[in-house]
>>> print(open('run06.cif').read())   # mmCIF, C-alpha atoms
data_model
#
loop_
_atom_site.label_atom_id
_atom_site.label_comp_id
_atom_site.auth_asym_id
_atom_site.auth_seq_id
_atom_site.Cartn_x
_atom_site.Cartn_y
_atom_site.Cartn_z
CA MET A 1 -13.89 5.56 -28.27
CA SER A 2 -11.36 2.81 -27.66
CA ILE A 3 -9.91 1.54 -24.38
CA VAL A 4 -6.40 0.20 -23.77
CA VAL A 5 -5.27 -1.44 -20.53
CA LEU A 6 -1.49 -1.12 -20.40
CA ASP A 7 -0.63 -3.50 -17.55
CA GLY A 8 -3.56 -5.69 -16.65
CA TYR A 9 -1.69 -8.71 -15.30
CA THR A 10 -1.26 -7.66 -11.68
CA THR A 11 -4.92 -6.66 -11.42
CA ASN A 12 -6.12 -9.75 -13.25
CA PRO A 13 -3.60 -12.56 -13.79
CA GLY A 14 -6.41 -14.75 -15.09
CA ASP A 15 -8.68 -15.35 -12.11
CA LEU A 16 -11.05 -12.46 -12.95
CA SER A 17 -12.64 -10.96 -16.05
CA TRP A 18 -12.40 -7.64 -17.86
CA GLU A 19 -16.00 -8.11 -18.98
CA PRO A 20 -17.27 -4.96 -17.17
CA LEU A 21 -15.32 -2.89 -19.73
CA SER A 22 -16.55 -4.78 -22.80
CA PRO A 23 -19.95 -3.07 -23.26
CA LEU A 24 -18.41 0.41 -23.03
CA ALA A 25 -16.03 0.46 -26.01
CA PRO A 26 -13.61 -1.77 -27.91
CA CYS A 27 -11.00 -2.81 -25.34
CA THR A 28 -7.46 -4.13 -25.68
CA VAL A 29 -5.78 -5.57 -22.59
CA TRP A 30 -2.02 -5.95 -22.40
CA ASP A 31 -0.53 -7.91 -19.52
CA HIS A 32 2.55 -5.68 -19.46
CA THR A 33 3.79 -2.74 -21.50
CA ALA A 34 7.44 -1.71 -21.75
CA PRO A 35 8.10 2.04 -21.69
CA ALA A 36 9.21 1.95 -25.33
CA ASP A 37 5.84 0.51 -26.38
CA VAL A 38 3.48 2.90 -24.56
CA ILE A 39 3.08 5.48 -27.32
CA THR A 40 2.61 2.85 -30.02
CA ARG A 41 -0.03 0.99 -28.05
CA LEU A 42 -1.92 4.18 -27.17
CA ALA A 43 -1.64 5.89 -30.55
CA ASP A 44 -5.35 5.48 -31.34
CA ALA A 45 -6.72 5.19 -27.81
CA GLU A 46 -8.98 7.74 -26.21
CA ILE A 47 -9.08 5.95 -22.85
CA VAL A 48 -6.22 4.25 -21.04
CA LEU A 49 -6.14 2.20 -17.85
CA THR A 50 -2.78 1.92 -16.15
CA ASN A 51 -1.63 0.58 -12.83
CA LYS A 52 2.14 1.07 -12.63
CA THR A 53 3.07 1.94 -16.23
CA PRO A 54 4.18 5.59 -16.09
CA LEU A 55 2.53 8.27 -18.21
CA ALA A 56 4.99 11.16 -18.15
CA ALA A 57 4.51 14.59 -19.72
CA GLU A 58 6.52 13.74 -22.84
CA THR A 59 4.49 10.57 -23.33
CA LEU A 60 1.19 12.40 -23.01
CA ALA A 61 2.35 15.06 -25.45
CA ALA A 62 2.68 12.34 -28.10
CA LEU A 63 -0.91 11.15 -27.55
CA PRO A 64 -3.25 13.87 -28.83
CA LYS A 65 -6.27 11.53 -28.99
CA LEU A 66 -6.13 10.61 -25.31
CA LYS A 67 -9.10 11.88 -23.29
CA LEU A 68 -9.17 9.83 -20.06
CA ILE A 69 -6.59 8.14 -17.84
CA SER A 70 -8.21 5.82 -15.31
CA VAL A 71 -5.60 4.60 -12.83
CA LEU A 72 -6.06 1.04 -11.61
CA ALA A 73 -5.17 2.14 -8.09
CA THR A 74 -5.86 4.84 -5.55
CA GLY A 75 -2.52 6.63 -5.85
CA VAL A 76 -1.87 8.44 -9.13
CA ASN A 77 1.90 8.97 -8.84
CA VAL A 78 2.46 7.17 -12.16
CA VAL A 79 0.72 9.98 -14.05
CA ASP A 80 2.02 13.51 -14.60
CA VAL A 81 -1.28 14.96 -13.45
CA ALA A 82 -0.32 18.55 -14.15
CA ALA A 83 0.63 17.71 -17.73
CA ALA A 84 -2.59 15.77 -18.20
CA LYS A 85 -4.63 18.71 -16.96
CA ALA A 86 -2.80 21.10 -19.27
CA GLN A 87 -3.51 18.77 -22.18
CA GLY A 88 -7.20 18.43 -21.33
CA ILE A 89 -6.97 14.81 -20.23
CA ALA A 90 -9.13 13.76 -17.30
CA VAL A 91 -7.45 11.61 -14.65
CA CYS A 92 -9.44 9.45 -12.26
CA ASN A 93 -8.62 6.80 -9.70
CA VAL A 94 -10.35 4.11 -7.67
CA PRO A 95 -10.54 5.11 -4.00
CA ALA A 96 -11.28 2.75 -1.12
CA TYR A 97 -11.43 -0.50 -3.13
CA SER A 98 -8.66 -2.09 -1.03
CA THR A 99 -9.54 -0.77 2.42
CA PRO A 100 -10.55 -4.09 4.06
CA GLY A 101 -7.61 -5.96 2.56
CA VAL A 102 -5.02 -3.36 3.56
CA ALA A 103 -6.32 -3.27 7.14
CA GLN A 104 -6.09 -7.06 7.20
CA ALA A 105 -2.53 -6.96 5.81
CA VAL A 106 -1.41 -4.48 8.49
CA PHE A 107 -2.27 -6.98 11.18
CA ALA A 108 -0.91 -9.93 9.20
CA LEU A 109 2.47 -8.18 9.25
CA LEU A 110 2.14 -7.09 12.86
CA LEU A 111 1.09 -10.52 14.10
CA GLU A 112 3.99 -12.14 12.28
CA LEU A 113 6.30 -9.79 14.18
CA THR A 114 4.64 -10.31 17.56
CA ASN A 115 3.79 -14.03 17.33
CA ARG A 116 6.35 -15.21 14.73
CA THR A 117 3.80 -17.68 13.43
CA GLY A 118 5.63 -18.42 10.20
CA HIS A 119 8.94 -18.94 11.97
CA HIS A 120 7.47 -21.29 14.54
CA SER A 121 5.63 -23.26 11.87
CA ASP A 122 8.89 -23.63 9.93
CA THR A 123 10.67 -24.97 13.01
CA VAL A 124 7.88 -27.44 13.72
CA HIS A 125 8.00 -28.76 10.14
CA ALA A 126 11.77 -29.01 10.48
CA GLY A 127 11.30 -31.45 13.37
CA ARG A 128 12.16 -29.28 16.34
CA TRP A 129 8.90 -29.87 18.24
CA SER A 130 9.02 -33.60 17.66
CA ALA A 131 12.57 -33.73 18.99
CA GLY A 132 12.00 -31.38 21.91
CA PRO A 133 11.82 -32.39 25.59
CA ASP A 134 8.86 -30.10 26.41
CA PHE A 135 5.26 -29.78 25.31
CA SER A 136 5.92 -26.21 24.16
CA TYR A 137 8.70 -23.86 23.07
CA TRP A 138 8.99 -20.38 21.60
CA ASP A 139 11.72 -18.20 20.20
CA GLY A 140 12.00 -14.61 21.34
CA THR A 141 9.31 -12.78 23.26
CA LEU A 142 5.68 -13.25 22.24
CA VAL A 143 3.97 -9.86 22.44
CA GLU A 144 0.33 -9.26 23.35
CA LEU A 145 -1.39 -6.40 21.51
CA ALA A 146 -4.01 -5.66 24.15
CA GLY A 147 -3.08 -2.50 26.01
CA LEU A 148 -0.51 -1.34 23.45
CA THR A 149 -0.77 2.00 21.63
CA LEU A 150 -1.37 1.97 17.88
CA GLY A 151 -0.26 5.14 16.08
CA ILE A 152 -1.84 5.70 12.66
CA VAL A 153 -0.19 8.22 10.32
CA GLY A 154 -2.80 9.20 7.76
CA TYR A 155 -6.26 8.77 9.22
CA GLY A 156 -8.42 8.35 6.14
CA ALA A 157 -10.64 5.40 5.23
CA ILE A 158 -7.82 2.86 5.59
CA GLY A 159 -6.51 4.44 8.77
CA ALA A 160 -9.98 4.31 10.30
CA ALA A 161 -10.37 0.65 9.29
CA VAL A 162 -7.01 -0.17 10.87
CA ALA A 163 -8.09 1.65 14.03
CA ALA A 164 -11.24 -0.46 14.23
CA VAL A 165 -9.21 -3.66 14.13
CA GLY A 166 -6.77 -2.26 16.67
CA ARG A 167 -9.62 -1.44 19.04
CA ALA A 168 -10.90 -5.01 18.65
CA PHE A 169 -7.48 -6.19 19.88
CA GLY A 170 -7.77 -3.86 22.85
CA MET A 171 -5.28 -1.29 21.60
CA ARG A 172 -5.27 2.42 22.38
CA ILE A 173 -5.49 4.56 19.24
CA LEU A 174 -3.49 7.66 18.30
CA GLY A 175 -4.04 9.23 14.88
CA ASN A 176 -2.43 11.93 12.81
CA ARG A 177 -3.81 13.75 9.81
CA ARG A 178 -3.20 17.21 8.45
CA THR A 179 -6.66 18.61 9.15
CA ALA A 180 -7.64 17.01 12.45
CA GLU A 181 -6.93 17.45 16.12
CA GLY A 182 -8.62 16.49 19.38
CA PRO A 183 -10.58 13.28 20.02
CA ILE A 184 -11.10 10.68 17.29
CA PRO A 185 -14.89 10.14 16.96
CA GLU A 186 -14.59 6.36 17.27
CA GLY A 187 -12.24 6.58 20.26
CA GLY A 188 -8.66 7.73 20.62
CA ASP A 189 -6.92 11.04 19.99
CA PHE A 190 -5.48 13.00 17.09
CA VAL A 191 -1.97 14.08 18.00
CA ASP A 192 1.06 15.61 16.31
CA LEU A 193 3.71 13.37 14.77
CA ASP A 194 6.21 13.87 17.58
CA ARG A 195 3.79 12.58 20.20
CA LEU A 196 2.58 9.77 17.95
CA PHE A 197 6.08 8.40 17.31
CA GLN A 198 7.10 8.81 20.95
CA GLU A 199 4.07 7.14 22.54
CA SER A 200 3.12 4.42 20.06
CA ASP A 201 4.06 0.80 20.42
CA VAL A 202 3.11 0.30 16.76
CA VAL A 203 3.32 2.98 14.07
CA THR A 204 1.50 2.22 10.82
CA LEU A 205 1.68 4.44 7.74
CA HIS A 206 -1.39 5.26 5.63
CA CYS A 207 -0.63 8.70 4.19
CA PRO A 208 -0.17 9.47 0.47
CA LEU A 209 3.26 9.94 -1.03
CA THR A 210 3.81 13.66 -1.60
CA PRO A 211 6.87 15.93 -1.54
CA GLN A 212 5.96 16.64 2.10
CA THR A 213 5.70 12.98 3.15
CA GLU A 214 8.61 11.51 1.19
CA GLY A 215 11.19 10.34 3.71
CA LEU A 216 8.79 11.02 6.57
CA VAL A 217 10.25 8.15 8.57
CA ASN A 218 13.92 9.00 8.87
CA ALA A 219 16.63 8.61 11.49
CA ALA A 220 15.17 11.39 13.63
CA ARG A 221 11.69 9.88 13.63
CA LEU A 222 13.00 6.39 14.29
CA ALA A 223 15.00 7.74 17.23
CA GLN A 224 11.73 8.97 18.74
CA MET A 225 10.27 5.46 18.77
CA LYS A 226 10.49 3.07 21.68
CA PRO A 227 13.08 0.29 21.21
CA THR A 228 10.18 -2.13 21.76
CA ALA A 229 8.05 -0.56 19.02
CA TYR A 230 7.18 -1.80 15.54
CA LEU A 231 6.89 0.08 12.23
CA ILE A 232 4.37 -1.06 9.59
CA ASN A 233 4.27 0.33 6.05
CA THR A 234 1.59 -0.77 3.60
CA ALA A 235 1.31 2.65 1.92
CA ARG A 236 4.27 3.72 -0.25
CA GLY A 237 7.91 2.70 0.04
CA PRO A 238 9.45 6.19 -0.23
CA LEU A 239 7.65 7.28 2.95
CA VAL A 240 10.54 5.53 4.71
CA GLN A 241 14.23 6.26 4.35
CA GLU A 242 15.17 2.64 4.05
CA SER A 243 18.85 2.96 4.92
CA HIS A 244 17.88 4.68 8.17
CA LEU A 245 15.39 1.92 8.99
CA CYS A 246 18.00 -0.73 8.25
CA ASP A 247 20.46 0.99 10.59
CA ALA A 248 17.84 1.16 13.36
CA LEU A 249 17.01 -2.53 13.02
CA GLN A 250 20.67 -3.53 12.92
CA ALA A 251 21.33 -1.48 16.07
CA GLY A 252 18.34 -2.93 17.92
CA CYS A 253 16.73 0.51 18.22
CA LEU A 254 13.43 -0.93 16.98
CA ALA A 255 11.74 -4.23 17.74
CA GLY A 256 10.83 -4.86 14.14
CA ALA A 257 9.34 -3.65 10.87
CA GLY A 258 6.63 -5.04 8.63
CA LEU A 259 6.78 -3.76 5.07
CA ASP A 260 4.55 -4.46 2.09
CA VAL A 261 6.15 -1.73 -0.02
CA LEU A 262 9.68 -0.61 -0.88
CA SER A 263 11.09 2.40 -2.69
CA VAL A 264 12.00 0.31 -5.73
CA GLU A 265 9.78 -2.63 -6.64
CA PRO A 266 10.93 -5.29 -7.16
CA PRO A 267 14.00 -4.68 -4.97
CA ALA A 268 17.55 -5.49 -5.97
CA PRO A 269 18.78 -8.84 -4.59
CA ASP A 270 21.24 -6.99 -2.36
CA HIS A 271 18.69 -4.59 -0.87
CA PRO A 272 19.88 -4.15 2.74
CA LEU A 273 16.43 -4.61 4.28
CA LEU A 274 16.27 -8.13 2.86
CA GLN A 275 18.97 -9.07 5.40
CA ALA A 276 17.89 -6.80 8.24
CA PRO A 277 16.87 -8.48 11.52
CA ASN A 278 13.21 -8.61 12.53
CA CYS A 279 12.06 -7.27 9.18
CA VAL A 280 9.06 -8.94 7.54
CA ILE A 281 8.62 -8.01 3.87
CA THR A 282 5.78 -9.00 1.55
CA PRO A 283 5.70 -8.24 -2.22
CA HIS A 284 3.17 -5.36 -2.32
CA ILE A 285 0.15 -7.59 -1.83
CA ALA A 286 -1.94 -5.69 0.73
CA TRP A 287 -4.21 -4.40 -2.06
CA ALA A 288 -4.46 -7.69 -3.91
CA THR A 289 -7.20 -9.84 -2.38
CA ARG A 290 -9.44 -11.27 -5.06
CA ALA A 291 -12.40 -9.30 -3.73
CA ALA A 292 -10.42 -6.05 -3.86
CA ARG A 293 -9.21 -6.66 -7.40
CA GLN A 294 -12.77 -7.44 -8.48
CA ARG A 295 -13.92 -4.13 -6.99
CA LEU A 296 -11.03 -2.41 -8.76
CA ILE A 297 -12.13 -3.65 -12.19
CA GLN A 298 -15.79 -2.91 -11.53
CA GLN A 299 -15.14 0.63 -10.30
CA SER A 300 -12.77 1.29 -13.20
CA ALA A 301 -15.61 0.38 -15.54
CA VAL A 302 -17.85 2.79 -13.62
CA ASN A 303 -15.22 5.50 -14.08
CA VAL A 304 -15.13 4.93 -17.83
CA ALA A 305 -18.91 4.74 -18.16
CA ALA A 306 -19.39 7.95 -16.19
CA PHE A 307 -16.83 9.74 -18.36
CA LEU A 308 -18.51 8.57 -21.54
CA ALA A 309 -21.85 9.79 -20.14
CA GLY A 310 -20.39 13.24 -19.57
CA ALA A 311 -20.48 13.02 -15.77
CA PRO A 312 -16.99 11.89 -14.67
CA VAL A 313 -16.49 10.45 -11.19
CA ASN A 314 -13.40 9.98 -9.01
CA VAL A 315 -11.69 12.73 -10.95
CA VAL A 316 -8.29 13.73 -9.60
CA THR A 317 -7.95 16.67 -11.96
CA PRO A 318 -10.69 17.98 -14.26
CA ALA A 319 -10.29 17.83 -18.00
#
>>> encode(input="run06.cif", output="structure tokens")
Amino acid sequence: MSIVVLDGYTTNPGDLSWEPLSPLAPCTVWDHTAPADVITRLADAEIVLTNKTPLAAETLAALPKLKLISVLATGVNVVDVAAAKAQGIAVCNVPAYSTPGVAQAVFALLLELTNRTGHHSDTVHAGRWSAGPDFSYWDGTLVELAGLTLGIVGYGAIGAAVAAVGRAFGMRILGNRRTAEGPIPEGGDFVDLDRLFQESDVVTLHCPLTPQTEGLVNAARLAQMKPTAYLINTARGPLVQESHLCDALQAGCLAGAGLDVLSVEPPAPDHPLLQAPNCVITPHIAWATRAARQRLIQQSAVNVAAFLAGAPVNVVTPA
């Protein structure tokens, strides 16, 4: 068996090691792989690790030796899973490796919107405090989280972790998931999406991207939200219809948005949300703490070892 990592740079730009894979099979790690080079680089590989390099049906059809695709992520949208299954290729992922970091990132975005810490620091460094007549100043309204309602769309491991932090801030919790209703065991209530968007002061997205959830947050949903509410998205960019969000922010129909993901990454320089008011955007880093990336590599090695032992784990579709 041989292992090829198609796009290892984002997982490990040099501060970690691929050593957990070394004892398992000969391993080649590419920092990046252009679409035109995928088939050439995988021609003799039985096992591939990919993060964002797509493996479409036509690509898989040209790789008869391939036996395992281990995605360096939780979502597997980059793989044509149905084609892999038809070809007898196992596909596995790494669930839950980024849960603490994503929960932390949700509140980093939210606190930037409510406290404007970065903005105020910039103004202090620019000399405004030193030149001011008062001991204190602030721009806009500083918002306290205690007593606000946090609506969580997609109440899995990450959603539950976000709820725990929200409760620590004194927030009321509303959750939505396809298979749950009634009280949340840790406190709060499962509700339908209409009620969640109408009652929440903060809506945070943690559901997978599927045909059913694509464009979930559109003009109609945004119109249900309070004009004082915030939208947070650390899940997948296409969950939000970005032009509708931009219109809502421009019209003042929403207090703000905190986004770690966009529909196209990286965005074009003229992406409208880059100029939208009260919109904090980070470059898809919620998953990327060093600890999370270390877990990602370690669990990917476990995935490969389990497959080689004939007992695959974290399988999305069986071979």
>>> closest_residue(input="run06.cif", among="A:Gly258, A:Pro266, A:Pro23, A:Pro133", to="Asn278 of chain A", atoms="all atoms listed in the file")
A:Gly258
>>> residues_around(input="run06.cif", residues="segment 220-232 of chain A", least_positions_apart="5", cutoff="6 Å", atoms="all atoms listed in the file", output="NGL selection string")
:A and (197-198 or 201-204 or 253-259)
>>> closest_residue(input="run06.cif", among="A:Leu63, A:Leu274, A:Gln87, A:Val143", to="Leu113 of chain A", atoms="only C-alpha atoms")
A:Val143
>>> closest_residue(input="run06.cif", among="A:Val240, A:Val264, A:His125, A:Val29", to="Gly14 of chain A", atoms="only C-alpha atoms")
A:Val29
>>> resolve_selection(input="run06.cif", expression="the PyMOL selection byres ((chain A and resi 297-299) around 8)", output="compact mmCIF listing (two decimals) with C-alpha atoms, keeping the file's coordinate frame")
# COMPACT_ATOMS: atom_id res chain seq x y z
CA THR A 11 -4.92 -6.66 -11.42
CA TRP A 18 -12.40 -7.64 -17.86
CA PRO A 20 -17.27 -4.96 -17.17
CA LEU A 72 -6.06 1.04 -11.61
CA VAL A 94 -10.35 4.11 -7.67
CA ARG A 293 -9.21 -6.66 -7.40
CA GLN A 294 -12.77 -7.44 -8.48
CA ARG A 295 -13.92 -4.13 -6.99
CA LEU A 296 -11.03 -2.41 -8.76
CA SER A 300 -12.77 1.29 -13.20
CA ALA A 301 -15.61 0.38 -15.54
CA VAL A 302 -17.85 2.79 -13.62
CA ASN A 303 -15.22 5.50 -14.08
>>> resolve_selection(input="run06.cif", expression="the PyMOL selection byres ((chain A and resi 148) around 7)", output="number ranges by chain")
A: 145-147, 149-150, 171-172, 201
>>> residues_around(input="run06.cif", residues="Lys85 of chain A", least_positions_apart="3", cutoff="10 Å", atoms="only C-alpha atoms", output="list in words")
Asp80, Val81, Ala82, Gly88, Ile89, Ala90, Val91, Val316, Thr317, Pro318 and Ala319 of chain A
>>> atom_distance(input="run06.cif", atom1="atom CA of Leu273 of chain A", atom2="atom CA of Glu214 of chain A")
18.2 Å
>>> atom_distance(input="run06.cif", atom1="atom CA of Leu216 of chain A", atom2="atom CA of Ser70 of chain A")
28.2 Å
>>> resolve_selection(input="run06.cif", expression="the PyMOL selection byres ((chain A and resi 41) around 12)", output="PyMOL selection string")
chain A and resi 2-7+27-30+32-40+42-49+59+62-63+66
>>> closest_residue(input="run06.cif", among="A:Met1, A:Ala305, A:Gly166, A:Thr289", to="Leu16 of chain A", atoms="only C-alpha atoms")
A:Thr289
>>> residues_around(input="run06.cif", residues="Val313 of chain A", least_positions_apart="5", cutoff="8 Å", atoms="all atoms listed in the file", output="ChimeraX atom specification")
/A:92,303,306-307
>>> residues_around(input="run06.cif", residues="Ser136 of chain A", least_positions_apart="6", cutoff="12 Å", atoms="all atoms listed in the file", output="list in words")
His120, Val124, Arg128, Trp129 and Ser130 of chain A
>>> closest_residue(input="run06.cif", among="A:Ala309, A:Ala83, A:Val153, A:Ile69", to="Phe190 of chain A", atoms="all atoms listed in the file")
A:Val153
>>> closest_residue(input="run06.cif", among="A:Gln212, A:Leu110, A:Val191, A:Ala160", to="Ile281 of chain A", atoms="only C-alpha atoms")
A:Leu110
>>> atom_distance(input="run06.cif", atom1="atom CA of Asn218 of chain A", atom2="atom CA of Thr114 of chain A")
23.1 Å
>>> residues_around(input="run06.cif", residues="segment 97-99 of chain A", least_positions_apart="2", cutoff="7 Å", atoms="all atoms listed in the file", output="list in words")
Val94, Pro95, Gly101, Val102, Ala103, Ala157, Ile158, Trp287, Ala292, Arg295 and Leu296 of chain A
